[in-house]
Amino acid sequence: MISLILYGRNDSHGYNLHKRAALSLNCIAEMLSCSDDEILFVDYNTPNDLPTFIEAIYDTLTPKAKHYLRVFRVRPDLHTRLVGRTHLLALEPHARNIAIRRSNPGNRWVLLTN
């Protein structure tokens, strides 16, 4: 019924980012009930030597969050090829398009959130 789309990168930006994100994902998953529901997370431009953001918080996610979650990783070299030179480390439109194109076509709703 619904595809929830989020994006981020493993860069420790902000206070308690990992804790806040895990709480958010767990709460979002609790609201889902349809078998077609999904949470799509685009890990955008995390350095190659670091795990994805979701891998970094995986042990704090509930089984329900893990069930609905799908992760797509956009590596730094792809970011560079897509956008050329930019000072931005994450490009929201690119990240969201990546998830939308891979979302369940049977879902009637798409929710983009941060």
# chains A, B, ... in the order shown; residues from 1 in each chain; ligands from 1

$ residues_around --residues "region 48-62 of chain A" --least-positions-apart "3" --cutoff "7 Å" --atoms "only C-alpha atoms" --output "PyMOL selection string"
chain A and resi 9-10+18+22+26+43+65-66+75

$ select_by_dssp --residues "chain A" --states "alpha helix (DSSP H)" --output "MDAnalysis selection string"
chainID A and resid 17:30 53:57 63:68 76:83 92:101

$ residues_around --residues "Cys34 (chain A)" --least-positions-apart "5" --cutoff "12 Å" --atoms "only C-alpha atoms" --output "PyMOL selection string"
chain A and resi 1-3+29+39+64+67-68+106-108

$ write_last_selection --atoms "N, CA and C atoms" --output "compact mmCIF listing (two decimals), in the first residue's frame"
# COMPACT_ATOMS: atom_id res chain seq x y z
N MET A 1 0.81 -1.20 0.00
CA MET A 1 0.00 0.00 0.00
C MET A 1 0.86 1.28 0.00
N ILE A 2 2.01 1.28 0.75
CA ILE A 2 2.82 2.49 0.85
C ILE A 2 4.31 2.17 0.80
N SER A 3 5.04 3.03 0.11
CA SER A 3 6.50 2.96 0.07
C SER A 3 7.02 4.22 0.76
N ALA A 29 8.19 1.68 11.19
CA ALA A 29 7.86 0.27 10.92
C ALA A 29 6.65 -0.18 11.73
N ILE A 39 10.02 0.16 3.47
CA ILE A 39 10.84 1.32 3.81
C ILE A 39 12.08 1.22 2.94
N LYS A 64 10.65 -5.95 13.08
CA LYS A 64 9.65 -5.42 12.16
C LYS A 64 10.28 -4.39 11.21
N HIS A 67 12.27 -6.19 8.66
CA HIS A 67 11.40 -6.87 7.69
C HIS A 67 11.00 -5.95 6.54
N TYR A 68 10.64 -4.72 6.84
CA TYR A 68 10.16 -3.79 5.83
C TYR A 68 11.28 -3.03 5.10
N GLY A 106 3.14 -1.89 -7.05
CA GLY A 106 1.80 -2.17 -6.56
C GLY A 106 1.35 -1.24 -5.45
N ASN A 107 2.28 -0.48 -4.89
CA ASN A 107 1.92 0.45 -3.81
C ASN A 107 1.32 1.72 -4.39
N ARG A 108 0.21 2.11 -3.80
CA ARG A 108 -0.53 3.27 -4.29
C ARG A 108 0.07 4.59 -3.82

$ closest_residue --among "A:Gly8, A:Pro105, A:Tyr15, A:Met31" --to "Leu91 (chain A)" --atoms "only C-alpha atoms"
A:Gly8

$ atom_distance --atom1 "CA of Ser33 (chain A)" --atom2 "CA of Arg96 (chain A)"
23.0 Å

$ residues_around --residues "region 80-85 of chain A" --least-positions-apart "5" --cutoff "12 Å" --atoms "only C-alpha atoms" --output "number ranges by chain"
A: 44-45, 74-75, 90-95, 98

$ atom_distance --atom1 "CA of Ile5 (chain A)" --atom2 "CA of Leu40 (chain A)"
4.9 Å

$ atom_distance --atom1 "CA of His87 (chain A)" --atom2 "CA of Leu69 (chain A)"
29.5 Å

$ closest_residue --among "A:Asn114, A:Leu4, A:Arg102, A:Pro47" --to "Leu32 (chain A)" --atoms "only C-alpha atoms"
A:Leu4

$ closest_residue --among "A:Thr86, A:Glu30, A:Asp77, A:Leu25" --to "Thr113 (chain A)" --atoms "only C-alpha atoms"
A:Leu25
